[in-house]
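Novice: Have a look at this one.
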Amino acid sequence: MNFAGVTWYVLGVTHSTVKVSWIVILVTIPGLVVPPFGGVLIDRVDRRYLGMFIDAARAVIVLGTAGLAFAGHLALWELYTMVLLLGVGFAIYWSTTNALIQELVPQEKLVAANATVLIAVQGGMAAAGALVGFTYERAGLAGILGIDGTTYLISALCLLLMRHGYHAPREIQKAGLVSASPTIEAPPEMSEPTLMRTEGAGRGATGVFADIGEGLSYLRQQPRVMALGFTYACMMAGVISANILVVALAKDLLSSGATGYGQIEMGWAIGAIIGGLAAGAVARKNPYGVLIFALATLAIGHTLFPFVRFLSAAIAMNALFGFCRALGGVLTQSSILAAVPRRLMGRTQSAFAVIATVLQVVMSFALGAFAEHFTLSIAFLLLGAIYGGGVVAALRVRTLSVAAGKSAAMG
């Protein structure tokens, strides 16, 4: 709701897709700097406490901005500052929650757990999509931000009640456990070994950089995990960057206003909920095929998206995109959680966040410029290309995993 409301507000005030693209750039650019250090933090402190702190800080920032908007004193630079600070939180928060899921959930239930999280997130997006247009037209940006800030407080409370005590991350060995989950990574007996160093990490600046180096060394040794991460990063970059074009599609091509934009976003969320519910069953027999098909659909579908002329068709297409993104996201994220040692999960997730951020920043600049100075069709073609990159990465995962399986069988 925050992102949709801020996007619509900036477009309405400035009438510039380039100014809108700055929202995406500012919310993602902290991901170039924060994740390497945030990953070390995630692997050192209680992930629940870290999530609570981030939620509380975001609540203060968003509710403060809502107060400025309500008073009629909100300047564009203040709104951009809020977006930048939220980007700092985003750069750590999702890696924290993914690592926390791995910490709490047995390996054989990772697909179900990731699907549940995705359904909850997309359910919130569906509710936001249904309400954002109505709320924006009646309560303005202040109402949108007031609701959003309150949700951060609720999230912090849920984390507080989740368990008691302080629990620092630690590696738990599960030798011989074979996951029944339909992940696209090799099963545990074929997966990569953990790194040799298991003693407590050093503290201070030297220890931080040593921990970062250890995480990078792990990824250099695991090309399949890197290919999975790049697949996921392409999907994330496509999802975030698409908002620049979808708001222009709703406003300029469909003339559907803020309500229509909210309905298009709600279509995405409903499709993603259905995709999350279906992920385990659909992917059980042929996870590689499902992943590649989902990414190819996203690539081709976004290329054709600017040619729709009816709001109902745009909603239906975005629902299909949400469905495919959910399938791909659950499969890749579950496979990453199954393959990476718990002790290294924060740093691994953060490394993938950096890759996604680089792609998002480049795509945001390019999409905003192409939409404003050329045509929306060319911009959507570029968006389809980033999903095409995900297809190539997924094919790489399949090739490496099949080769690893043959090597294990021969050994």
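Labels used: A, B, ... for chains in the order of the structure tokens, numbers from 1 for residues in each chain, and numbers from 1 for ligands as shown.
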Can you pull out the residues contacting Val246 in chain A? Cut-off 12 Å, using only C-alpha atoms, and skip same-chain residues under 2 positions away; I want them as number ranges by chain.
Specialist: A: 4, 7-8, 11, 17, 20-21, 238-244, 248-258, 260-265, 268, 302, 305-306, 308, 311, 314-315, 317-318, 367-368, 371, 376-377, 379-380, 383
Novice: Could you please take those selected residues and save C-alpha atoms as a tab-separated table (two decimals), in the first residue's frame?
Specialist:
```tsv
chain	number	residue	atom	x	y	z
A	4	ALA	CA	1.41	2.12	-4.52
A	7	THR	CA	4.05	6.02	-6.56
A	8	TRP	CA	0.64	7.44	-7.46
A	11	LEU	CA	3.24	10.71	-10.53
A	17	THR	CA	7.91	8.59	-14.84
A	20	VAL	CA	8.60	7.83	-10.16
A	21	SER	CA	11.65	5.75	-11.02
A	238	GLY	CA	11.46	-7.57	-12.44
A	239	VAL	CA	8.76	-7.36	-9.77
A	240	ILE	CA	10.01	-4.14	-8.20
A	241	SER	CA	10.89	-2.39	-11.45
A	242	ALA	CA	7.56	-3.29	-13.05
A	243	ASN	CA	5.73	-0.83	-10.78
A	244	ILE	CA	7.23	2.07	-12.74
A	248	ALA	CA	1.96	4.49	-16.31
A	249	LEU	CA	-0.07	1.73	-17.98
A	250	ALA	CA	-3.01	2.37	-15.65
A	251	LYS	CA	-2.83	6.15	-15.96
A	252	ASP	CA	-1.90	6.78	-19.59
A	253	LEU	CA	-3.08	3.75	-21.59
A	254	LEU	CA	-6.07	2.50	-19.61
A	255	SER	CA	-7.09	5.82	-17.99
A	256	SER	CA	-8.26	3.86	-14.98
A	257	GLY	CA	-6.93	6.14	-12.24
A	258	ALA	CA	-5.71	5.14	-8.79
A	260	GLY	CA	-7.72	0.85	-11.55
A	261	TYR	CA	-4.06	0.73	-10.57
A	262	GLY	CA	-5.02	-0.78	-7.23
A	263	GLN	CA	-7.17	-3.40	-8.98
A	264	ILE	CA	-4.30	-4.37	-11.28
A	265	GLU	CA	-2.05	-4.79	-8.23
A	268	TRP	CA	-1.18	-9.79	-9.03
A	302	HIS	CA	5.37	-8.53	-19.90
A	305	PHE	CA	1.41	-6.24	-21.50
A	306	PRO	CA	1.36	-2.70	-23.04
A	308	VAL	CA	-3.91	-4.54	-23.53
A	311	LEU	CA	-8.75	-2.96	-17.47
A	314	ALA	CA	-4.74	-6.09	-17.51
A	315	ILE	CA	-5.99	-7.46	-14.19
A	317	MET	CA	-2.65	-10.79	-17.07
A	318	ASN	CA	-1.20	-9.44	-13.85
A	367	LEU	CA	12.58	1.73	-17.63
A	368	GLY	CA	11.81	5.27	-16.48
A	371	ALA	CA	8.90	5.04	-20.91
A	376	LEU	CA	5.92	2.22	-23.06
A	377	SER	CA	6.09	-0.82	-25.36
A	379	ALA	CA	10.13	-0.26	-21.82
A	380	PHE	CA	8.00	-3.38	-21.29
A	383	LEU	CA	11.29	-5.64	-18.57
```
Novice: Measuring atom to atom with only C-alpha atoms, identify which of A:Gly5, A:Glu108, A:Pro169, A:Gly328 is nearest to Phe134 in chain A.
Specialist: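 Among A:Gly5, A:Glu108, A:Pro169, A:Gly328, it is A:Gly5 that comes nearest to Phe134 in chain A.
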Novice: List the neighbours of range 215-230 of chain A out to 6 Å using only C-alpha atoms; skip same-chain residues closer than 3 positions along the sequence, and give me the result as a VMD selection string.
Specialist: chain A and resid 212 233 347 352 393 397
Novice: Find the residues around Ala91 in chain A up to 6 Å (only C-alpha atoms counted), leave out those fewer than 3 positions away in its own chain, and share them as a VMD selection string.
Specialist: chain A and resid 31 35 88
Novice: With a distance cut-off of 12 Å and only C-alpha atoms, select the neighbouring residues of Val121 in chain A, excluding the residue or stretch itself and same-chain residues fewer than 2 positions from it, and output the selection as a ChimeraX atom specification.
Specialist: /A:1,94,114-119,123-128,151,155,268-270,272-273,276,326
Novice: Convert the current residue selection to file output with C-alpha atoms, as an mmCIF file, in the first residue's frame.
Specialist:
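Saved result, out-v3.cif, follows:
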```cif
data_model
loop_
_atom_site.group_PDB
_atom_site.id
_atom_site.type_symbol
_atom_site.label_atom_id
_atom_site.label_comp_id
_atom_site.auth_asym_id
_atom_site.auth_seq_id
_atom_site.Cartn_x
_atom_site.Cartn_y
_atom_site.Cartn_z
ATOM 1 C CA MET A 1 0.000 0.000 0.000
ATOM 2 C CA TRP A 94 13.781 -9.999 4.145
ATOM 3 C CA ASN A 114 7.778 -20.496 2.052
ATOM 4 C CA ALA A 115 4.407 -20.882 0.350
ATOM 5 C CA THR A 116 2.657 -19.914 3.600
ATOM 6 C CA VAL A 117 4.805 -16.803 3.973
ATOM 7 C CA LEU A 118 4.199 -15.859 0.344
ATOM 8 C CA ILE A 119 0.438 -16.353 0.741
ATOM 9 C CA GLY A 123 -2.850 -11.688 0.968
ATOM 10 C CA GLY A 124 -1.794 -8.406 2.508
ATOM 11 C CA MET A 125 -1.059 -7.066 -0.957
ATOM 12 C CA ALA A 126 -4.483 -8.188 -2.161
ATOM 13 C CA ALA A 127 -6.138 -6.318 0.688
ATOM 14 C CA ALA A 128 -3.924 -3.322 -0.040
ATOM 15 C CA THR A 151 1.136 -2.614 10.085
ATOM 16 C CA SER A 155 4.453 -7.050 12.704
ATOM 17 C CA TRP A 268 -1.185 -9.786 -9.035
ATOM 18 C CA ALA A 269 -1.681 -10.553 -5.352
ATOM 19 C CA ILE A 270 -4.609 -12.925 -5.949
ATOM 20 C CA ALA A 272 0.331 -15.043 -6.235
ATOM 21 C CA ILE A 273 -1.865 -16.466 -3.470
ATOM 22 C CA GLY A 276 1.585 -20.195 -3.440
ATOM 23 C CA ALA A 326 4.825 -17.257 -6.775
#
```
Novice: Suppose you want the space between CA of Ala142 in chain A and CA of Leu159 in chain A; what is it in Å?
Specialist: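 Going from CA of Ala142 in chain A over to CA of Leu159 in chain A covers 26.3 Å.
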Novice: One decimal, in Å: what's the spacing between CA of Ala313 in chain A and CA of Leu382 in chain A?
Specialist: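 Atom-to-atom, CA of Ala313 in chain A to CA of Leu382 in chain A, that is 21.1 Å.
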Novice: Which residues, written as a PyMOL selection string, have at least one atom at most 12 Å from Val392 in chain A, with only C-alpha atoms counted and residues fewer than 4 positions away on the same chain left out?
Specialist: chain A and resi 227-228+230-232+234+291-293+295-296+299+385-388+396-399
Novice: Tell me, in Å to one decimal, how far CA of Val290 in chain A is from CA of Leu400 in chain A.
Specialist: 17.1 Å
Novice: Here is a test: counting only C-alpha atoms, which residue of A:Met363, A:Ala338, A:Leu76, A:Leu141 is nearest to Val62 in chain A?
Specialist: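 Closest to Val62 in chain A, using only C-alpha atoms: A:Leu141.
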Novice: What lies within 10 Å of Phe3 in chain A using only C-alpha atoms, ignoring chain neighbours under 3 positions off, as a PyMOL selection string?
Specialist: chain A and resi 6-9+23-24+27+83+132+144-145+148+240+243
Novice: Rank nothing, just name the residue among A:Lys109, A:Thr14, A:Ile54, A:Gly140 nearest to Phe70 in chain A, using only C-alpha atoms.
Specialist: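 The closest residue to Phe70 in chain A is A:Gly140.
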Novice: Counting only C-alpha atoms, figure out which residue out of A:Phe374, A:Leu344, A:Leu110, A:Ala339 gets nearest to Ser401 in chain A.
Specialist: A:Ala339
